[in-house]
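Shown next: input-v3.csv, given as CSV, C-alpha atoms (C1' of nucleotides).
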```
chain,number,residue,atom,x,y,z
A,273,MET,CA,12.3,9.4,8.3
A,274,SER,CA,15.4,9.5,6.1
A,275,ARG,CA,15.8,12.7,4.3
A,276,ALA,CA,17.8,11.4,1.4
A,277,PHE,CA,15.2,12.3,-1.2
A,278,GLY,CA,14.7,15.9,0.1
A,279,ASP,CA,18.4,16.6,0.5
A,280,TYR,CA,19.1,15.4,-3.0
A,281,VAL,CA,16.4,17.4,-4.6
A,282,ARG,CA,17.3,20.5,-2.7
A,283,LYS,CA,21.0,20.3,-3.7
A,284,ARG,CA,20.2,19.6,-7.2
A,285,ARG,CA,17.7,22.5,-7.4
A,286,GLU,CA,20.0,24.9,-5.8
A,287,ALA,CA,22.8,23.9,-8.1
A,288,LEU,CA,20.6,24.7,-11.1
A,289,ARG,CA,19.6,27.9,-9.5
A,290,GLU,CA,23.1,29.3,-9.6
A,291,GLU,CA,22.6,29.6,-13.3
A,292,ASP,CA,19.0,30.3,-13.5
A,293,ASP,CA,16.6,32.1,-11.1
A,294,ALA,CA,13.7,30.0,-12.5
A,295,PHE,CA,14.7,27.2,-10.1
A,296,SER,CA,13.2,28.7,-7.0
A,297,VAL,CA,11.0,26.6,-4.8
A,298,ARG,CA,8.0,28.5,-6.0
A,299,GLN,CA,8.6,28.3,-9.6
A,300,VAL,CA,9.6,24.6,-9.7
A,301,ALA,CA,6.6,23.8,-7.5
A,302,GLN,CA,4.4,25.5,-10.0
A,303,ARG,CA,5.9,23.7,-12.9
A,304,ILE,CA,5.5,20.3,-11.4
A,305,GLY,CA,2.0,21.2,-10.1
A,306,VAL,CA,2.2,21.4,-6.3
A,307,GLU,CA,2.0,24.1,-3.8
A,308,PRO,CA,5.4,25.8,-2.9
A,309,SER,CA,4.9,25.0,0.8
A,310,PHE,CA,4.6,21.3,-0.1
A,311,LEU,CA,7.8,21.2,-2.1
A,312,SER,CA,9.5,23.1,0.7
A,313,LYS,CA,8.4,20.5,3.2
A,314,VAL,CA,9.4,17.7,0.9
A,315,GLU,CA,12.9,19.1,0.4
A,316,ARG,CA,13.3,19.5,4.2
A,317,GLY,CA,12.1,16.0,4.8
A,318,GLU,CA,9.2,17.2,6.9
A,319,THR,CA,6.8,15.4,4.6
A,320,ALA,CA,7.1,12.1,2.8
A,321,PRO,CA,8.1,12.3,-0.9
A,322,PRO,CA,5.3,13.0,-3.3
A,323,SER,CA,3.5,10.7,-5.6
A,324,GLU,CA,5.2,8.9,-8.5
A,325,ALA,CA,3.8,11.3,-11.1
A,326,LYS,CA,5.2,14.3,-9.3
A,327,ILE,CA,8.5,12.7,-8.7
A,328,VAL,CA,8.8,12.0,-12.4
A,329,ALA,CA,7.9,15.6,-13.3
A,330,LEU,CA,10.5,16.7,-10.8
A,331,ALA,CA,13.1,14.5,-12.3
A,332,GLU,CA,12.4,16.0,-15.7
A,333,GLU,CA,12.6,19.5,-14.3
A,334,LEU,CA,16.0,18.7,-12.6
A,335,ASN,CA,17.3,16.7,-15.5
A,336,GLU,CA,17.7,13.6,-13.4
A,337,ASP,CA,17.0,9.9,-13.9
A,338,PRO,CA,13.5,9.4,-12.7
A,339,ASP,CA,14.3,5.8,-11.5
A,340,VAL,CA,17.0,7.2,-9.3
A,341,LEU,CA,14.8,9.8,-7.8
A,342,LEU,CA,12.0,7.2,-7.3
A,343,ALA,CA,14.5,4.9,-5.6
A,344,LEU,CA,15.5,7.7,-3.2
A,345,ALA,CA,11.9,8.1,-2.4
A,346,GLY,CA,11.6,4.4,-1.6
A,347,LYS,CA,9.6,3.6,-4.7
A,348,VAL,CA,9.9,1.6,-7.9
A,349,SER,CA,8.4,2.9,-11.1
A,350,SER,CA,5.0,1.4,-11.8
A,351,ASP,CA,5.9,0.3,-15.3
A,352,LEU,CA,8.7,-1.9,-13.9
A,353,GLN,CA,6.3,-3.3,-11.3
A,354,GLU,CA,3.9,-4.1,-14.1
A,355,ALA,CA,6.5,-5.9,-16.1
A,356,ILE,CA,7.4,-8.0,-13.0
A,357,ARG,CA,3.7,-8.8,-12.3
A,358,LYS,CA,3.2,-10.1,-15.8
A,359,ARG,CA,5.9,-12.8,-15.3
A,360,PRO,CA,6.4,-13.0,-11.5
A,361,GLU,CA,8.2,-16.4,-11.2
A,362,LEU,CA,10.7,-15.5,-14.0
A,363,PHE,CA,11.5,-12.0,-12.8
A,364,ALA,CA,11.5,-12.9,-9.2
A,365,THR,CA,14.1,-15.6,-9.7
A,366,LEU,CA,16.2,-13.4,-11.9
A,367,ILE,CA,16.2,-10.4,-9.6
A,368,ARG,CA,16.9,-12.5,-6.5
A,369,GLU,CA,19.8,-14.2,-8.3
A,370,MET,CA,21.3,-10.9,-9.4
A,371,LYS,CA,20.9,-9.0,-6.2
A,372,GLY,CA,24.0,-10.7,-4.8
A,373,MET,CA,26.1,-10.1,-7.9
A,374,PRO,CA,28.5,-7.2,-8.2
A,375,ASP,CA,27.6,-4.2,-10.4
A,376,HIS,CA,30.0,-5.0,-13.2
A,377,ALA,CA,28.4,-8.4,-13.7
A,378,VAL,CA,24.9,-6.9,-13.8
A,379,LEU,CA,26.1,-4.3,-16.2
A,380,ARG,CA,27.7,-6.9,-18.4
A,381,LEU,CA,24.4,-8.7,-18.5
A,382,VAL,CA,22.5,-5.5,-19.3
A,383,ARG,CA,24.8,-4.9,-22.3
A,384,GLU,CA,24.5,-8.4,-23.6
A,385,VAL,CA,20.7,-8.2,-23.5
A,386,ARG,CA,20.7,-4.8,-25.1
A,387,ASP,CA,23.0,-5.8,-27.8
A,388,GLY,CA,20.5,-8.4,-28.9
A,389,LYS,CA,22.3,-11.6,-28.0
A,390,TRP,CA,19.1,-12.9,-26.6
B,1025,MET,CA,-12.0,-3.9,-9.2
B,1026,SER,CA,-10.7,-7.1,-10.8
B,1027,ARG,CA,-11.4,-10.2,-8.8
B,1028,ALA,CA,-8.5,-12.3,-10.1
B,1029,PHE,CA,-6.9,-12.6,-6.8
B,1030,GLY,CA,-10.0,-13.5,-4.8
B,1031,ASP,CA,-11.2,-16.0,-7.5
B,1032,TYR,CA,-7.8,-17.7,-7.5
B,1033,VAL,CA,-7.6,-18.0,-3.8
B,1034,ARG,CA,-11.1,-19.3,-3.4
B,1035,LYS,CA,-10.6,-22.0,-6.1
B,1036,ARG,CA,-7.4,-23.0,-4.6
B,1037,ARG,CA,-8.8,-23.2,-1.1
B,1038,GLU,CA,-11.8,-25.2,-2.1
B,1039,ALA,CA,-9.7,-27.6,-4.0
B,1040,LEU,CA,-7.6,-28.2,-0.9
B,1041,ARG,CA,-10.8,-28.6,1.1
B,1042,GLU,CA,-11.9,-31.6,-0.9
B,1043,GLU,CA,-9.2,-33.4,0.9
B,1044,ASP,CA,-9.2,-31.6,4.2
B,1045,ASP,CA,-11.9,-29.9,6.2
B,1046,ALA,CA,-9.3,-27.6,7.8
B,1047,PHE,CA,-9.4,-25.4,4.7
B,1048,SER,CA,-12.6,-23.6,5.6
B,1049,VAL,CA,-12.7,-19.8,5.4
B,1050,ARG,CA,-12.8,-19.6,9.1
B,1051,GLN,CA,-9.8,-21.9,9.7
B,1052,VAL,CA,-7.6,-20.5,7.0
B,1053,ALA,CA,-8.4,-17.0,8.2
B,1054,GLN,CA,-7.4,-17.9,11.7
B,1055,ARG,CA,-4.2,-19.4,10.6
B,1056,ILE,CA,-3.2,-16.4,8.5
B,1057,GLY,CA,-4.3,-14.1,11.2
B,1058,VAL,CA,-7.4,-12.3,9.9
B,1059,GLU,CA,-11.1,-12.3,10.6
B,1060,PRO,CA,-13.1,-14.8,8.6
B,1061,SER,CA,-15.4,-12.1,7.3
B,1062,PHE,CA,-12.4,-10.3,5.9
B,1063,LEU,CA,-11.1,-13.4,4.1
B,1064,SER,CA,-14.6,-14.0,2.8
B,1065,LYS,CA,-14.8,-10.5,1.4
B,1066,VAL,CA,-11.4,-10.8,-0.1
B,1067,GLU,CA,-12.2,-14.0,-1.9
B,1068,ARG,CA,-15.4,-12.5,-3.3
B,1069,GLY,CA,-13.5,-9.4,-4.4
B,1070,GLU,CA,-15.6,-7.2,-2.2
B,1071,THR,CA,-12.5,-5.8,-0.6
B,1072,ALA,CA,-9.0,-5.2,-2.0
B,1073,PRO,CA,-6.4,-7.9,-1.4
B,1074,PRO,CA,-4.7,-7.9,2.0
B,1075,SER,CA,-1.3,-6.7,2.9
B,1076,GLU,CA,1.9,-8.3,1.6
B,1077,ALA,CA,2.5,-10.2,4.9
B,1078,LYS,CA,-1.0,-11.8,4.8
B,1079,ILE,CA,-0.7,-12.7,1.2
B,1080,VAL,CA,2.6,-14.5,1.8
B,1081,ALA,CA,1.1,-16.3,4.8
B,1082,LEU,CA,-1.8,-17.3,2.5
B,1083,ALA,CA,0.5,-18.5,-0.2
B,1084,GLU,CA,2.2,-20.8,2.3
B,1085,GLU,CA,-1.1,-22.0,3.5
B,1086,LEU,CA,-2.2,-22.8,0.0
B,1087,ASN,CA,1.1,-24.1,-1.2
B,1088,GLU,CA,1.4,-21.4,-3.9
B,1089,ASP,CA,4.2,-19.3,-5.1
B,1090,PRO,CA,4.0,-16.0,-3.1
B,1091,ASP,CA,5.2,-14.0,-6.0
B,1092,VAL,CA,2.4,-15.2,-8.2
B,1093,LEU,CA,-0.2,-14.4,-5.5
B,1094,LEU,CA,1.3,-11.0,-4.9
B,1095,ALA,CA,1.2,-10.4,-8.7
B,1096,LEU,CA,-2.5,-11.3,-8.8
B,1097,ALA,CA,-3.0,-8.8,-6.0
B,1098,GLY,CA,-1.2,-6.1,-8.1
B,1099,LYS,CA,1.8,-6.1,-5.8
B,1100,VAL,CA,5.5,-6.8,-6.1
B,1101,SER,CA,7.4,-8.4,-3.2
B,1102,SER,CA,9.2,-5.8,-1.1
B,1103,ASP,CA,12.5,-7.6,-1.2
B,1104,LEU,CA,12.5,-7.4,-5.0
B,1105,GLN,CA,11.6,-3.7,-4.8
B,1106,GLU,CA,14.5,-3.2,-2.4
B,1107,ALA,CA,16.9,-4.9,-4.8
B,1108,ILE,CA,15.8,-2.6,-7.6
B,1109,ARG,CA,16.0,0.5,-5.5
B,1110,LYS,CA,19.6,-0.3,-4.6
B,1111,ARG,CA,20.7,-0.1,-8.2
B,1112,PRO,CA,17.9,1.7,-10.0
B,1113,GLU,CA,19.6,2.5,-13.4
B,1114,LEU,CA,20.9,-1.0,-13.9
B,1115,PHE,CA,17.7,-2.9,-13.0
B,1116,ALA,CA,15.4,-0.4,-14.7
B,1117,THR,CA,17.3,-0.8,-17.9
B,1118,LEU,CA,17.5,-4.5,-17.7
B,1119,ILE,CA,13.8,-5.0,-16.9
B,1120,ARG,CA,12.6,-2.6,-19.6
B,1121,GLU,CA,14.8,-4.4,-22.1
B,1122,MET,CA,13.4,-7.8,-21.1
B,1123,LYS,CA,9.8,-6.9,-20.9
B,1124,GLY,CA,9.5,-7.2,-24.7
B,1125,MET,CA,11.3,-10.5,-24.9
B,1126,PRO,CA,9.5,-13.8,-25.1
B,1127,ASP,CA,9.3,-16.1,-22.1
B,1128,HIS,CA,11.7,-18.6,-23.4
B,1129,ALA,CA,14.4,-16.0,-23.9
B,1130,VAL,CA,13.9,-14.7,-20.3
B,1131,LEU,CA,13.9,-18.3,-19.0
B,1132,ARG,CA,17.2,-19.0,-20.8
B,1133,LEU,CA,18.7,-15.9,-19.3
B,1134,VAL,CA,17.5,-16.9,-15.8
B,1135,ARG,CA,19.1,-20.3,-16.2
B,1136,GLU,CA,22.4,-19.0,-17.5
B,1137,VAL,CA,22.6,-16.6,-14.5
B,1138,ARG,CA,21.6,-19.3,-12.1
B,1139,ASP,CA,24.2,-21.7,-13.5
B,1140,GLY,CA,26.9,-19.2,-12.6
B,1141,LYS,CA,28.0,-18.2,-16.0
B,1142,TRP,CA,28.1,-14.7,-14.7
C,816,DT,C1',10.3,52.9,1.7
C,817,DG,C1',7.2,50.1,-0.5
C,818,DT,C1',6.7,46.3,-3.3
C,819,DA,C1',7.9,42.0,-5.6
C,820,DG,C1',9.6,37.7,-4.9
C,821,DT,C1',11.0,34.1,-1.8
C,822,DA,C1',10.8,30.4,1.8
C,823,DT,C1',8.4,28.5,5.4
C,824,DG,C1',4.8,27.7,9.2
C,825,DT,C1',0.1,26.3,10.5
C,826,DA,C1',-4.2,24.3,9.8
C,827,DC,C1',-7.0,21.5,7.5
C,828,DT,C1',-8.9,17.6,4.4
C,829,DA,C1',-10.5,13.9,1.2
C,830,DC,C1',-9.1,9.4,0.1
C,831,DT,C1',-7.1,4.9,0.7
C,832,DT,C1',-5.4,0.9,3.3
C,833,DA,C1',-6.0,-2.7,6.1
C,834,DG,C1',-8.3,-4.4,8.6
C,835,DT,C1',-11.8,-5.6,13.5
C,836,DA,C1',-16.1,-6.8,15.9
C,837,DC,C1',-20.2,-8.8,16.0
C,838,DA,C1',-24.7,-10.4,14.5
C,839,DC,C1',-27.1,-13.4,11.5
C,840,DA,C1',-28.8,-17.3,8.7
C,841,DT,C1',-27.7,-21.9,7.0
C,842,DT,C1',-26.2,-26.7,7.2
C,843,DG,C1',-24.5,-30.9,9.1
C,844,DT,C1',-24.8,-34.2,13.0
C,845,DC,C1',-25.6,-36.5,17.5
D,955,DG,C1',-34.2,-30.7,18.4
D,956,DA,C1',-30.0,-28.8,20.3
D,957,DC,C1',-25.4,-27.7,19.1
D,958,DA,C1',-21.5,-26.8,16.4
D,959,DA,C1',-19.4,-25.1,12.6
D,960,DT,C1',-19.7,-22.4,8.5
D,961,DG,C1',-20.0,-18.3,5.3
D,962,DT,C1',-21.5,-13.7,5.0
D,963,DG,C1',-23.7,-8.9,6.1
D,964,DT,C1',-23.2,-4.5,8.6
D,965,DA,C1',-20.9,-1.1,10.9
D,966,DC,C1',-17.0,0.9,12.3
D,967,DT,C1',-12.0,2.7,12.7
D,968,DA,C1',-6.9,3.9,13.3
D,969,DA,C1',-3.3,5.1,10.5
D,970,DG,C1',-1.2,6.6,6.4
D,971,DT,C1',-1.1,9.2,1.7
D,972,DA,C1',-1.0,13.2,-0.8
D,973,DG,C1',-1.7,17.0,-0.8
D,974,DT,C1',-4.3,22.4,-0.5
D,975,DA,C1',-4.9,27.1,1.4
D,976,DC,C1',-3.5,30.8,3.6
D,977,DA,C1',-0.6,33.5,6.7
D,978,DT,C1',3.9,35.1,8.1
D,979,DA,C1',8.6,36.6,7.7
D,980,DC,C1',12.7,37.7,5.2
D,981,DT,C1',15.5,39.8,1.3
D,982,DA,C1',16.6,42.7,-2.8
D,983,DC,C1',16.2,46.6,-5.2
D,984,DA,C1',14.4,50.8,-7.5
```

Whole structure given in C-alpha coordinates:
Amino acid sequence: MSRAFGDYVRKRREALREEDDAFSVRQVAQRIGVEPSFLSKVERGETAPPSEAKIVALAEELNEDPDVLLALAGKVSSDLQEAIRKRPELFATLIREMKGMPDHAVLRLVREVRDGKW
Amino acid sequence: MSRAFGDYVRKRREALREEDDAFSVRQVAQRIGVEPSFLSKVERGETAPPSEAKIVALAEELNEDPDVLLALAGKVSSDLQEAIRKRPELFATLIREMKGMPDHAVLRLVREVRDGKW
DNA sequence: TGTAGTATGTACTACTTAGTACACATTGTC
DNA sequence: GACAATGTGTACTAAGTAGTACATACTACA
(Lines of atoms letter the chains of each structure in order from A and count residues from 1; the text may use other names and numbers.)
(Lines give C-alpha, C1' and ligand atoms only; values in the text may rest on other atoms or scores of the structure.)
Protein backbone atom coordinates (compact mmCIF):
# COMPACT_ATOMS: atom_id res chain seq x y z
CA MET A 1 0.00 0.00 0.00
CA SER A 2 1.43 3.32 -1.09
CA ARG A 3 1.39 5.93 1.60
CA ALA A 4 1.31 8.98 -0.64
CA PHE A 5 -2.04 10.09 0.70
CA GLY A 6 -1.18 9.73 4.37
CA ASP A 7 2.23 11.34 4.02
CA TYR A 8 0.78 14.27 2.19
CA VAL A 9 -1.96 14.84 4.74
CA ARG A 10 0.39 14.55 7.65
CA LYS A 11 2.87 17.04 6.21
CA ARG A 12 0.16 19.48 5.36
CA ARG A 13 -1.47 19.19 8.76
CA GLU A 14 1.80 19.60 10.62
CA ALA A 15 2.68 22.63 8.54
CA LEU A 16 -0.61 24.26 9.49
CA ARG A 17 -0.01 23.29 13.05
CA GLU A 18 3.13 25.39 13.30
CA GLU A 19 0.81 28.36 13.24
CA ASP A 20 -2.19 26.93 14.98
CA ASP A 21 -2.55 24.28 17.68
CA ALA A 22 -6.02 23.47 16.42
CA PHE A 23 -4.44 21.23 13.80
CA SER A 24 -3.74 18.28 16.06
CA VAL A 25 -4.81 14.82 14.95
CA ARG A 26 -7.56 14.86 17.53
CA GLN A 27 -9.01 18.20 16.64
CA VAL A 28 -8.87 17.73 12.90
CA ALA A 29 -10.38 14.27 13.28
CA GLN A 30 -13.21 15.69 15.28
CA ARG A 31 -13.89 18.43 12.75
CA ILE A 32 -14.03 16.03 9.83
CA GLY A 33 -16.06 13.54 11.82
CA VAL A 34 -13.84 10.54 12.45
CA GLU A 35 -12.09 9.02 15.45
CA PRO A 36 -8.57 10.31 16.11
CA SER A 37 -7.15 6.80 15.98
CA PHE A 38 -8.58 6.41 12.51
CA LEU A 39 -7.05 9.63 11.20
CA SER A 40 -3.76 8.64 12.79
CA LYS A 41 -3.77 5.31 11.03
CA VAL A 42 -4.70 6.94 7.76
CA GLU A 43 -1.82 9.42 8.03
CA ARG A 44 0.60 6.62 8.75
CA GLY A 45 -0.72 4.56 5.86
CA GLU A 46 -1.81 1.78 8.15
CA THR A 47 -5.33 1.97 6.80
CA ALA A 48 -6.65 2.83 3.37
CA PRO A 49 -7.75 6.42 2.80
CA PRO A 50 -11.24 7.31 4.02
CA SER A 51 -14.41 7.75 2.01
CA GLU A 52 -14.85 10.50 -0.55
CA ALA A 53 -16.93 12.61 1.83
CA LYS A 54 -14.28 12.55 4.54
CA ILE A 55 -11.53 13.31 2.06
CA VAL A 56 -13.42 16.34 0.82
CA ALA A 57 -13.94 17.53 4.39
CA LEU A 58 -10.26 17.03 5.03
CA ALA A 59 -9.33 18.99 1.92
CA GLU A 60 -11.44 21.89 3.13
CA GLU A 61 -9.87 21.69 6.54
CA LEU A 62 -6.36 21.73 5.06
CA ASN A 63 -7.11 24.24 2.35
CA GLU A 64 -6.23 21.83 -0.39
CA ASP A 65 -7.78 20.97 -3.73
CA PRO A 66 -10.19 18.10 -3.07
CA ASP A 67 -9.54 16.61 -6.51
CA VAL A 68 -5.84 16.39 -5.77
CA LEU A 69 -6.43 14.74 -2.42
CA LEU A 70 -8.90 12.32 -3.97
CA ALA A 71 -6.36 11.50 -6.66
CA LEU A 72 -3.73 10.74 -4.04
CA ALA A 73 -6.26 8.41 -2.46
CA GLY A 74 -6.73 6.65 -5.79
CA LYS A 75 -10.22 8.04 -6.32
CA VAL A 76 -12.04 10.32 -8.72
CA SER A 77 -14.73 12.68 -7.53
CA SER A 78 -18.19 11.22 -7.98
CA ASP A 79 -19.51 14.31 -9.78
CA LEU A 80 -16.85 13.87 -12.47
CA GLN A 81 -17.73 10.21 -12.79
CA GLU A 82 -21.36 11.10 -13.16
CA ALA A 83 -20.58 13.59 -15.93
CA ILE A 84 -18.66 10.89 -17.78
CA ARG A 85 -21.38 8.31 -17.29
CA LYS A 86 -23.92 10.61 -18.87
CA ARG A 87 -21.99 10.75 -22.15
CA PRO A 88 -19.62 7.82 -22.02
CA GLU A 89 -18.53 7.62 -25.68
CA LEU A 90 -17.79 11.30 -25.95
CA PHE A 91 -15.89 11.66 -22.72
CA ALA A 92 -14.07 8.36 -23.07
CA THR A 93 -12.77 9.34 -26.49
CA LEU A 94 -11.76 12.79 -25.34
CA ILE A 95 -9.95 11.65 -22.23
CA ARG A 96 -8.10 8.85 -23.98
CA GLU A 97 -7.07 11.29 -26.68
CA MET A 98 -5.78 13.75 -24.14
CA LYS A 99 -4.00 11.41 -21.83
CA GLY A 100 -1.05 11.29 -24.16
CA MET A 101 -0.85 15.05 -24.57
CA PRO A 102 1.52 17.27 -22.61
CA ASP A 103 0.23 19.41 -19.77
CA HIS A 104 0.48 22.68 -21.66
CA ALA A 105 -1.74 21.39 -24.43
CA VAL A 106 -4.39 20.25 -21.98
CA LEU A 107 -4.14 23.54 -20.17
CA ARG A 108 -4.58 25.48 -23.38
CA LEU A 109 -7.67 23.46 -24.12
CA VAL A 110 -9.06 24.07 -20.63
CA ARG A 111 -8.63 27.79 -21.10
CA GLU A 112 -10.22 27.86 -24.52
CA VAL A 113 -13.21 26.00 -23.20
CA ARG A 114 -13.48 28.19 -20.17
CA ASP A 115 -13.24 31.36 -22.20
CA GLY A 116 -16.34 30.35 -24.02
CA LYS A 117 -14.93 29.67 -27.45
CA TRP A 118 -17.10 26.64 -27.55
CA MET B 1 -31.79 -0.51 -7.62
CA SER B 2 -32.21 0.60 -11.20
CA ARG B 3 -32.27 -2.24 -13.70
CA ALA B 4 -31.04 -0.31 -16.71
CA PHE B 5 -27.94 -2.43 -17.01
CA GLY B 6 -29.68 -5.79 -16.77
CA ASP B 7 -32.49 -4.82 -19.11
CA TYR B 8 -30.07 -3.59 -21.69
CA VAL B 9 -27.94 -6.71 -21.56
CA ARG B 10 -30.91 -9.01 -21.72
CA LYS B 11 -32.39 -7.26 -24.73
CA ARG B 12 -29.12 -7.21 -26.53
CA ARG B 13 -28.42 -10.88 -25.78
CA GLU B 14 -31.86 -11.99 -26.90
CA ALA B 15 -31.55 -10.00 -30.09
CA LEU B 16 -28.32 -11.79 -30.91
CA ARG B 17 -29.93 -15.05 -30.01
CA GLU B 18 -32.50 -14.75 -32.77
CA GLU B 19 -29.65 -15.44 -35.13
CA ASP B 20 -27.52 -17.68 -32.99
CA ASP B 21 -28.36 -20.19 -30.27
CA ALA B 22 -24.95 -19.65 -28.72
CA PHE B 23 -26.34 -16.59 -26.98
CA SER B 24 -28.15 -18.40 -24.21
CA VAL B 25 -27.63 -17.27 -20.62
CA ARG B 26 -25.62 -20.38 -19.94
CA GLN B 27 -23.30 -20.09 -22.89
CA VAL B 28 -22.66 -16.40 -22.60
CA ALA B 29 -22.07 -16.83 -18.88
CA GLN B 30 -19.54 -19.51 -19.58
CA ARG B 31 -17.72 -17.41 -22.14
CA ILE B 32 -17.42 -14.41 -19.86
CA GLY B 33 -16.50 -16.61 -16.92
CA VAL B 34 -19.41 -16.49 -14.49
CA GLU B 35 -22.07 -18.89 -13.33
CA PRO B 36 -25.30 -18.89 -15.36
CA SER B 37 -27.38 -18.17 -12.28
CA PHE B 38 -25.30 -15.09 -11.67
CA LEU B 39 -25.75 -13.72 -15.17
CA SER B 40 -29.45 -14.49 -14.90
CA LYS B 41 -29.73 -12.50 -11.70
CA VAL B 42 -27.75 -9.66 -13.16
CA GLU B 43 -30.01 -9.46 -16.21
CA ARG B 44 -33.07 -9.41 -14.01
CA GLY B 45 -31.56 -6.74 -11.79
CA GLU B 46 -31.68 -8.99 -8.78
CA THR B 47 -27.98 -8.50 -8.21
CA ALA B 48 -25.75 -5.51 -8.83
CA PRO B 49 -23.81 -5.46 -12.11
CA PRO B 50 -20.60 -7.49 -12.16
CA SER B 51 -17.04 -6.27 -11.94
CA GLU B 52 -15.42 -4.08 -14.56
CA ALA B 53 -13.54 -7.02 -16.10
CA LYS B 54 -16.70 -9.07 -16.57
CA ILE B 55 -18.58 -6.10 -17.99
CA VAL B 56 -15.85 -5.54 -20.55
CA ALA B 57 -15.92 -9.22 -21.49
CA LEU B 58 -19.69 -9.00 -21.81
CA ALA B 59 -19.42 -5.92 -24.01
CA GLU B 60 -17.09 -7.78 -26.33
CA GLU B 61 -19.42 -10.73 -26.40
CA LEU B 62 -22.38 -8.53 -27.24
CA ASN B 63 -20.51 -6.24 -29.60
CA GLU B 64 -21.23 -3.22 -27.51
CA ASP B 65 -19.16 -0.23 -26.44
CA PRO B 66 -17.64 -1.19 -23.08
CA ASP B 67 -17.78 2.41 -21.85
CA VAL B 68 -21.50 2.52 -22.46
CA LEU B 69 -22.08 -0.73 -20.63
CA LEU B 70 -19.88 0.41 -17.76
CA ALA B 71 -21.84 3.65 -17.61
CA LEU B 72 -25.11 1.74 -17.39
CA ALA B 73 -23.57 -0.17 -14.52
CA GLY B 74 -22.72 3.10 -12.78
CA LYS B 75 -19.01 2.72 -13.36
CA VAL B 76 -16.23 4.50 -15.21
CA SER B 77 -13.44 2.56 -16.87
CA SER B 78 -10.37 2.35 -14.68
CA ASP B 79 -8.05 3.59 -17.40
CA LEU B 80 -10.04 6.82 -17.64
CA GLN B 81 -9.93 7.19 -13.89
CA GLU B 82 -6.21 6.72 -13.93
CA ALA B 83 -5.78 9.39 -16.59
CA ILE B 84 -7.77 11.81 -14.45
CA ARG B 85 -5.87 10.95 -11.30
CA LYS B 86 -2.58 11.76 -12.97
CA ARG B 87 -3.63 15.36 -13.64
CA PRO B 88 -6.55 15.98 -11.33
CA GLU B 89 -6.79 19.78 -11.47
CA LEU B 90 -6.62 19.94 -15.22
CA PHE B 91 -9.09 17.17 -15.94
CA ALA B 92 -11.45 18.14 -13.15
CA THR B 93 -11.69 21.67 -14.48
CA LEU B 94 -12.15 20.53 -18.05
CA ILE B 95 -14.83 17.98 -17.29
CA ARG B 96 -16.79 20.30 -15.02
CA GLU B 97 -16.64 22.97 -17.68
CA MET B 98 -17.89 20.60 -20.34
CA LYS B 99 -20.63 18.91 -18.42
CA GLY B 100 -22.90 21.87 -19.05
CA MET B 101 -22.19 22.01 -22.74
CA PRO B 102 -24.45 20.49 -25.39
CA ASP B 103 -23.45 17.27 -27.11
CA HIS B 104 -22.59 18.90 -30.40
CA ALA B 105 -20.11 21.22 -28.76
CA VAL B 106 -18.39 18.36 -26.97
CA LEU B 107 -18.35 16.37 -30.17
CA ARG B 108 -16.78 19.23 -32.07
CA LEU B 109 -14.10 19.47 -29.41
CA VAL B 110 -13.45 15.74 -29.56
CA ARG B 111 -12.96 15.96 -33.29
CA GLU B 112 -10.65 18.94 -33.12
CA VAL B 113 -8.51 17.20 -30.57
CA ARG B 114 -8.46 13.97 -32.53
CA ASP B 115 -7.56 15.73 -35.73
CA GLY B 116 -4.41 16.94 -34.09
CA LYS B 117 -5.14 20.62 -33.87
CA TRP B 118 -3.68 20.52 -30.41
C1' DT C 1 2.97 15.99 40.90
C1' DG C 2 -1.24 15.66 38.87
C1' DT C 3 -3.85 16.68 35.07
C1' DA C 4 -4.85 18.07 30.40
C1' DG C 5 -3.93 17.20 25.89
C1' DT C 6 -1.77 14.34 22.42
C1' DA C 7 -0.69 10.24 19.43
C1' DT C 8 -1.10 5.57 18.85
C1' DG C 9 -2.25 0.39 19.66
C1' DT C 10 -5.72 -3.25 19.91
C1' DA C 11 -9.95 -5.32 19.13
C1' DC C 12 -14.02 -5.43 17.03
C1' DT C 13 -17.99 -4.77 13.57
C1' DA C 14 -21.69 -3.78 10.12
C1' DC C 15 -22.03 -3.41 5.33
C1' DT C 16 -20.85 -4.21 0.57
C1' DT C 17 -18.77 -6.59 -3.40
C1' DA C 18 -18.52 -10.17 -6.32
C1' DG C 19 -19.36 -13.84 -6.87
C1' DT C 20 -19.88 -19.88 -6.40
C1' DA C 21 -22.39 -24.31 -5.98
C1' DC C 22 -26.08 -26.92 -6.60
C1' DA C 23 -30.87 -28.16 -7.01
C1' DC C 24 -35.04 -27.59 -9.51
C1' DA C 25 -38.65 -27.09 -13.05
C1' DT C 26 -39.49 -26.40 -17.94
C1' DT C 27 -39.01 -27.09 -22.86
C1' DG C 28 -37.44 -29.02 -27.11
C1' DT C 29 -36.16 -33.26 -29.63
C1' DC C 30 -34.94 -37.99 -31.08
C1' DG D 1 -40.39 -41.38 -22.88
C1' DA D 2 -35.60 -40.41 -22.14
C1' DC D 3 -32.20 -36.97 -22.59
C1' DA D 4 -30.22 -32.57 -23.23
C1' DA D 5 -30.24 -27.89 -22.72
C1' DT D 6 -32.19 -23.91 -20.64
C1' DG D 7 -33.44 -20.34 -17.06
C1' DT D 8 -33.92 -19.61 -12.25
C1' DG D 9 -34.26 -20.27 -6.90
C1' DT D 10 -31.72 -20.96 -2.61
C1' DA D 11 -27.93 -20.95 0.29
C1' DC D 12 -23.59 -19.73 1.14
C1' DT D 13 -18.91 -17.16 1.37
C1' DA D 14 -14.19 -14.82 1.15
C1' DA D 15 -12.40 -10.46 0.84
C1' DG D 16 -12.67 -5.66 1.07
C1' DT D 17 -14.57 -0.97 2.96
C1' DA D 18 -15.07 2.25 6.36
C1' DG D 19 -14.93 2.88 10.13
C1' DT D 20 -15.87 2.79 16.12
C1' DA D 21 -14.54 2.18 21.01
C1' DC D 22 -11.52 1.94 24.39
C1' DA D 23 -6.91 1.50 26.46
C1' DT D 24 -2.24 2.89 26.73
C1' DA D 25 1.78 5.85 26.75
C1' DC D 26 4.01 10.19 26.24
C1' DT D 27 4.59 15.39 26.88
C1' DA D 28 3.94 20.08 28.78
C1' DC D 29 3.04 22.98 32.30
C1' DA D 30 1.06 25.09 36.55

Using all atoms listed in the file, which protein or nucleic acid residues come within 12 Å of A:Glu333? Drop anything in the same chain fewer than 2 positions from it, and give the result as a ChimeraX atom specification. /A:281,284-285,288-289,294-297,299-305,326-331,335-338,341

What does the structure give for the distance between atom CA of B:Asp1139 and atom CA of A:Met373, in Å to one decimal?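 According to the coordinates, atom CA of B:Asp1139 and atom CA of A:Met373 are separated by 13.0 Å.
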
So the first atom is atom CA of A:Gly372 and the second is atom CA of B:Leu1118; what is the distance between them in Å, to one decimal place?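 Distance between the two atoms: 15.7 Å.
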
For chain B against chain C, which residues fall within 10 Å using only C-alpha atoms (C1' of nucleotides), given as a ChimeraX atom specification? /B:1058-1059,1061-1062,1071-1075

Polymer residues at most 9 Å from A:Gly278, all atoms listed in the file, same-chain spacing of 4 or more positions, as a ChimeraX atom specification: /A:274,282-283,311-318,320-321,344-345

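For chain D, the residues within 8 Å of chain A are DA972, DG973 and DT974 of chain D, with all atoms listed in the file used to measure distance.
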
With only C-alpha atoms considered, list every residue of chain B at most 9 Å from chain A, as a VMD selection string. chain B and resid 1089 1091 to 1092 1094 to 1096 1098 to 1101 1103 to 1123 1125 1127 1129 to 1135 1137 to 1138 1142

In Å, rounded to a single decimal, give me how far atom CA of B:Ala1028 is from atom C1' of D:DT964.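 Those two atoms sit 25.0 Å apart.
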